[in-house]
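Raw target.csv, CSV, C-alpha atoms:
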```csv
chain,number,residue,atom,x,y,z
A,313,MET,CA,-16.2,10.3,-12.2
A,314,SER,CA,-15.4,6.7,-13.1
A,315,ALA,CA,-13.9,4.3,-10.6
A,316,ASP,CA,-10.4,4.6,-12.0
A,317,GLU,CA,-10.5,8.4,-11.3
A,318,PHE,CA,-10.2,7.7,-7.6
A,319,ILE,CA,-7.4,6.4,-5.4
A,320,THR,CA,-7.7,4.6,-2.1
A,321,LEU,CA,-5.9,6.1,0.8
A,322,ALA,CA,-7.2,3.8,3.6
A,323,ARG,CA,-9.7,1.0,4.3
A,324,VAL,CA,-12.1,1.0,7.3
A,325,VAL,CA,-11.4,-2.1,9.4
A,326,LYS,CA,-13.7,-1.7,12.4
A,327,THR,CA,-15.6,0.7,14.6
A,328,GLN,CA,-13.6,2.4,17.4
A,329,GLY,CA,-15.6,4.0,20.2
A,330,ARG,CA,-19.2,4.8,20.8
A,331,HIS,CA,-19.6,8.1,18.9
A,332,GLY,CA,-19.2,7.0,15.3
A,333,GLU,CA,-15.4,6.7,15.1
A,334,VAL,CA,-13.8,4.1,12.8
A,335,ALA,CA,-10.3,2.5,12.7
A,336,ALA,CA,-8.7,2.5,9.3
A,337,GLU,CA,-5.7,0.7,7.7
A,338,VAL,CA,-3.8,3.4,5.9
A,339,HIS,CA,-2.5,2.7,2.4
A,340,SER,CA,-0.5,6.0,2.1
A,341,ASP,CA,3.0,6.6,3.3
A,342,VAL,CA,2.7,10.4,2.7
A,343,PRO,CA,3.1,12.1,6.1
A,344,ASP,CA,0.2,14.2,7.2
A,345,ARG,CA,-1.9,12.9,4.3
A,346,PHE,CA,-5.1,13.1,6.5
A,347,ALA,CA,-6.3,16.3,8.1
A,348,VAL,CA,-9.3,17.7,9.9
A,349,GLY,CA,-11.7,19.2,7.3
A,350,MET,CA,-10.5,16.9,4.6
A,351,LYS,CA,-13.2,15.5,2.2
A,352,LEU,CA,-13.0,11.7,1.5
A,353,PHE,CA,-15.2,9.4,-0.5
A,354,ALA,CA,-16.2,6.1,1.1
A,355,LEU,CA,-16.6,3.4,-1.5
A,356,GLY,CA,-18.8,0.7,0.1
A,357,LYS,CA,-19.1,-3.0,-0.7
A,358,ASP,CA,-22.2,-2.1,-2.7
A,359,GLU,CA,-20.0,0.0,-5.0
A,360,ALA,CA,-21.9,3.2,-3.8
A,361,ARG,CA,-19.6,6.2,-3.0
A,362,ARG,CA,-20.5,8.8,-0.4
A,363,GLN,CA,-18.7,11.9,0.6
A,364,LEU,CA,-17.5,12.3,4.2
A,365,GLU,CA,-15.7,15.1,6.0
A,366,VAL,CA,-13.0,14.4,8.6
A,367,GLU,CA,-14.1,16.0,11.9
A,368,ASP,CA,-11.2,14.5,14.0
A,369,LEU,CA,-8.4,12.0,13.7
A,370,TRP,CA,-5.6,10.3,15.7
A,371,ARG,CA,-3.3,7.3,15.5
A,372,HIS,CA,-4.0,4.3,17.7
A,373,LYS,CA,-2.3,0.9,17.7
A,374,GLY,CA,-1.0,1.2,14.2
A,375,MET,CA,-4.3,2.4,12.8
A,376,LEU,CA,-5.8,5.7,12.0
A,377,VAL,CA,-8.9,6.5,13.9
A,378,LEU,CA,-11.3,8.8,12.1
A,379,LYS,CA,-14.4,10.7,13.2
A,380,PHE,CA,-16.5,11.9,10.3
A,381,ALA,CA,-19.1,14.7,10.5
A,382,GLY,CA,-22.6,13.2,10.7
A,383,ILE,CA,-21.4,9.7,11.7
A,384,ASP,CA,-22.3,9.9,15.4
A,385,SER,CA,-23.2,6.4,16.5
A,386,MET,CA,-21.8,2.9,16.4
A,387,SER,CA,-24.5,1.8,14.0
A,388,ASP,CA,-23.6,4.7,11.6
A,389,ALA,CA,-19.9,3.6,11.9
A,390,GLU,CA,-20.7,-0.1,11.3
A,391,ALA,CA,-22.1,0.8,7.9
A,392,LEU,CA,-18.6,2.0,6.9
A,393,ILE,CA,-16.8,-1.2,7.8
A,394,GLY,CA,-15.0,-2.5,4.7
A,395,SER,CA,-15.3,0.8,2.8
A,396,GLU,CA,-12.3,2.2,0.9
A,397,LEU,CA,-11.6,5.8,1.8
A,398,GLN,CA,-10.7,7.6,-1.4
A,399,VAL,CA,-9.9,10.9,-3.0
A,400,PRO,CA,-10.1,11.9,-6.7
A,401,ARG,CA,-6.9,10.9,-8.5
A,402,SER,CA,-6.3,14.7,-9.2
A,403,GLU,CA,-5.9,15.3,-5.5
A,404,ARG,CA,-3.3,12.7,-4.8
A,405,ALA,CA,-0.1,13.9,-3.2
A,406,GLU,CA,3.1,14.3,-5.2
A,407,LEU,CA,5.5,11.5,-4.4
A,408,GLU,CA,9.3,11.7,-4.0
A,409,SER,CA,11.4,10.1,-6.7
A,410,GLY,CA,11.4,6.3,-6.4
A,411,TRP,CA,8.0,6.1,-4.7
A,412,THR,CA,4.9,4.5,-6.3
A,413,TYR,CA,1.2,4.6,-5.6
A,414,VAL,CA,-0.3,1.2,-4.7
A,415,SER,CA,-3.2,1.9,-7.0
A,416,ASP,CA,-0.7,2.3,-9.9
A,417,LEU,CA,0.6,-1.2,-9.3
A,418,ILE,CA,-2.7,-3.1,-9.8
A,419,GLY,CA,-2.9,-4.3,-13.4
A,420,CYS,CA,0.9,-4.1,-13.9
A,421,THR,CA,2.9,-7.1,-15.2
A,422,VAL,CA,5.6,-8.5,-12.9
A,423,VAL,CA,8.8,-9.3,-14.7
A,424,ASP,CA,11.5,-11.4,-13.0
A,425,ARG,CA,15.0,-10.4,-14.2
A,426,SER,CA,17.1,-12.5,-11.7
A,427,SER,CA,18.4,-15.0,-14.3
A,428,GLY,CA,19.8,-12.4,-16.6
A,429,THR,CA,16.8,-12.6,-18.9
A,430,SER,CA,13.3,-11.1,-18.5
A,431,ARG,CA,10.6,-13.7,-17.5
A,432,GLU,CA,7.0,-12.5,-17.2
A,433,ILE,CA,5.4,-13.8,-14.0
A,434,GLY,CA,1.9,-12.5,-14.2
A,435,ARG,CA,-0.4,-9.5,-13.5
A,436,ILE,CA,-0.9,-7.8,-10.2
A,437,GLU,CA,-4.5,-8.2,-9.0
A,438,ASP,CA,-4.2,-6.8,-5.5
A,439,VAL,CA,-1.8,-5.5,-2.9
A,440,GLN,CA,-2.1,-6.7,0.7
A,441,PHE,CA,-0.6,-5.1,3.8
A,442,GLY,CA,0.1,-6.3,7.3
A,443,ALA,CA,1.6,-9.8,6.5
A,444,GLY,CA,5.2,-8.7,7.0
A,445,GLU,CA,7.6,-5.9,6.5
A,446,ALA,CA,6.7,-5.4,2.8
A,447,PRO,CA,3.3,-5.4,1.2
A,448,LEU,CA,2.5,-8.5,-0.8
A,449,LEU,CA,1.7,-8.3,-4.5
A,450,ILE,CA,-1.1,-10.8,-5.3
A,451,VAL,CA,-0.1,-11.9,-8.8
A,452,GLU,CA,-2.3,-14.0,-11.2
A,453,SER,CA,0.0,-16.4,-13.1
A,454,GLY,CA,-1.5,-19.0,-15.3
A,455,GLY,CA,-4.6,-19.6,-13.1
A,456,LYS,CA,-2.5,-19.6,-9.9
A,457,LYS,CA,-2.2,-16.8,-7.3
A,458,LEU,CA,1.3,-16.0,-6.2
A,459,ASP,CA,2.3,-13.8,-3.2
A,460,VAL,CA,5.3,-11.7,-4.2
A,461,PRO,CA,6.8,-9.4,-1.5
A,462,PHE,CA,7.1,-5.8,-2.8
A,463,ALA,CA,10.4,-5.4,-1.0
A,464,GLU,CA,13.1,-3.0,-1.9
A,465,ALA,CA,15.7,-5.8,-1.8
A,466,TYR,CA,13.9,-7.5,-4.8
A,467,LEU,CA,12.7,-4.4,-6.7
A,468,GLU,CA,14.6,-3.3,-9.7
A,469,GLY,CA,12.2,-0.7,-10.9
A,470,VAL,CA,8.6,0.3,-11.6
A,471,ASP,CA,7.6,1.7,-15.0
A,472,VAL,CA,4.0,3.0,-14.5
A,473,ALA,CA,3.8,4.1,-18.2
A,474,ARG,CA,4.7,0.6,-19.5
A,475,ARG,CA,2.6,-1.0,-16.6
A,476,GLU,CA,5.6,-3.1,-15.6
A,477,VAL,CA,7.2,-4.0,-12.2
A,478,ARG,CA,10.8,-5.3,-12.7
A,479,MET,CA,12.1,-7.5,-9.9
A,480,ARG,CA,15.0,-9.8,-9.1
A,481,LEU,CA,13.4,-12.6,-7.1
A,482,PRO,CA,15.5,-15.1,-5.2
A,483,GLU,CA,15.6,-18.6,-6.6
A,484,GLY,CA,12.6,-20.7,-5.3
A,485,MET,CA,10.5,-17.8,-4.1
A,486,LEU,CA,7.7,-18.4,-6.5
A,487,GLU,CA,7.5,-22.1,-5.6
A,488,ILE,CA,7.1,-21.3,-1.8
A,489,ASN,CA,3.5,-20.4,-2.1
A,490,ALA,CA,2.5,-22.2,-5.3
A,491,PRO,CA,-0.5,-24.5,-5.0
A,492,LEU,CA,0.4,-28.2,-4.5
A,493,THR,CA,0.6,-30.4,-7.6
A,494,ALA,CA,-1.7,-33.5,-7.8
A,495,GLU,CA,1.4,-35.6,-7.0
A,496,GLU,CA,2.3,-33.6,-3.9
A,497,LYS,CA,-1.3,-33.8,-2.6
A,498,GLN,CA,-1.2,-37.6,-3.1
A,499,ARG,CA,2.1,-37.8,-1.1
A,500,GLN,CA,0.7,-35.7,1.7
A,501,SER,CA,-2.5,-37.8,2.0
A,502,VAL,CA,-0.4,-41.0,2.1
A,503,LYS,CA,1.7,-39.5,4.9
A,504,LYS,CA,-1.4,-38.6,6.9
A,505,LYS,CA,-2.8,-42.1,6.7
A,506,ARG,CA,0.3,-43.8,8.3
A,507,PRO,CA,0.1,-44.5,12.0
```
Translate this file's structure into structure tokens.
Amino acid sequence: MSADEFITLARVVKTQGRHGEVAAEVHSDVPDRFAVGMKLFALGKDEARRQLEVEDLWRHKGMLVLKFAGIDSMSDAEALIGSELQVPRSERAELESGWTYVSDLIGCTVVDRSSGTSREIGRIEDVQFGAGEAPLLIVESGGKKLDVPFAEAYLEGVDVARREVRMRLPEGMLEINAPLTAEEKQRQSVKKKRP
């Protein structure tokens, strides 16, 4: 199977306990998505994928703690840190209407329709969780990286077939996290030098 035939359900953040348990950041809102006996594929930083079986699991401090069969020590668990826990795309859960898989967003074009016209912002390179209420879309736009909240209040629609995310962004949102211009950097350095 090629890389795009898998979807990521969670990412291992750290070890949790002395018997091979790991804490994972979950990227699925599907209730009861994880279960004892479930087979997952761990995609490591070296791009190697290995199959694991869930032996036990529980929630702890906003994370999912997983114990895998054959991972019985802290050093075994440390080897999994940073791994993406995946399932084949064919095994992904059916979503309710209006829901979208994060993996389907990557590569989509963000289009802002707030001014009454459609303006292409850029392509989604990544989705980050934990920074606020809504996940952040990391959008590449003309050599710059923009953080765009994937919030229901701004979302007009997602067309996975057309690879397009339509949004109505508040005025000034894209300027908030845009890199400083040379002129702005100059003004900041002048302010810092004043006593």
Report as a short mmCIF file (atom, residue, chain, number, x, y, z; two decimals) with C-alpha atoms, in the frame of the given file all protein, DNA and RNA residues lying within 7 Å of segment 445-449 of chain A, evaluated on all atoms listed in the file, omitting residues in the same chain fewer than 4 positions from it.
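Done, and the output landed in out29.cif:
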```cif
data_model
loop_
_atom_site.label_atom_id
_atom_site.label_comp_id
_atom_site.auth_asym_id
_atom_site.auth_seq_id
_atom_site.Cartn_x
_atom_site.Cartn_y
_atom_site.Cartn_z
CA ILE A 436 -0.90 -7.80 -10.20
CA ASP A 438 -4.20 -6.80 -5.50
CA VAL A 439 -1.80 -5.50 -2.90
CA GLN A 440 -2.10 -6.70 0.70
CA PHE A 441 -0.60 -5.10 3.80
CA ASP A 459 2.30 -13.80 -3.20
CA VAL A 460 5.30 -11.70 -4.20
CA PRO A 461 6.80 -9.40 -1.50
CA PHE A 462 7.10 -5.80 -2.80
CA ALA A 463 10.40 -5.40 -1.00
#
```
Between A:Gly428, A:Gly356, A:Gly434, A:Gly394, which is the closest to Thr327 of chain A once you count all atoms listed in the file?
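Residue with the minimum atom-to-atom distance to Thr327 of chain A: A:Gly394.
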Identify which of the residues A:Ser415, A:Gln363, A:Ser453, A:Ser340 lies closest to Ser395 of chain A, counting only C-alpha atoms when measuring atom-to-atom distances.
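Counting only C-alpha atoms, the residue closest to Ser395 of chain A is A:Gln363.
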What separation in Å, quoted to one decimal, exists between atom CA of Glu396 of chain A and atom CA of Met479 of chain A?
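Straight-line distance from atom CA of Glu396 of chain A to atom CA of Met479 of chain A works out to 28.4 Å.
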Atom-to-atom span, atom CA of Ser387 of chain A and atom CA of Leu321 of chain A, Å
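Calculated distance between atom CA of Ser387 of chain A and atom CA of Leu321 of chain A is 23.2 Å.
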So what do you get for atom CA of Asp344 of chain A versus atom CA of Gly374 of chain A, distance-wise?
14.8 Å
For Lys373 of chain A, find every residue with an atom within 12 Å (counting all atoms listed in the file), except residues of its own chain fewer than 6 positions away, and show them as a ChimeraX atom specification.
/A:328,335-337
Skip Phe353 of chain A itself and residues of its chain fewer than 4 positions away, then list as a PyMOL selection string all residues within 10 Å of it, counting only C-alpha atoms.
chain A and resi 318-321+360-365+395-400
Contacts of Asp384 of chain A within 10 Å, all atoms listed in the file, excl. fewer than 5 positions in-chain, as a PDB file with C-alpha atoms, in the coordinates of the input:
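The result, stored in part.pdb:
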```pdb
ATOM      1  CA  ARG A 330     -19.200   4.800  20.800  1.00  0.00           C
ATOM      2  CA  HIS A 331     -19.600   8.100  18.900  1.00  0.00           C
ATOM      3  CA  GLY A 332     -19.200   7.000  15.300  1.00  0.00           C
ATOM      4  CA  GLU A 333     -15.400   6.700  15.100  1.00  0.00           C
ATOM      5  CA  LYS A 379     -14.400  10.700  13.200  1.00  0.00           C
ATOM      6  CA  ALA A 389     -19.900   3.600  11.900  1.00  0.00           C
TER       7      ALA A 389
END
```
Nearest candidate to Val334 of chain A (options A:Glu367, A:Asp416, A:Glu464, A:Glu476; using all atoms listed in the file)
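Of the candidates, the smallest distance to Val334 of chain A is held by A:Glu367.
Nearest to Met375 of chain A of all the residues A:Val325, A:Ile450, A:Leu355, A:Met350 is A:Val325, counting only C-alpha atoms.
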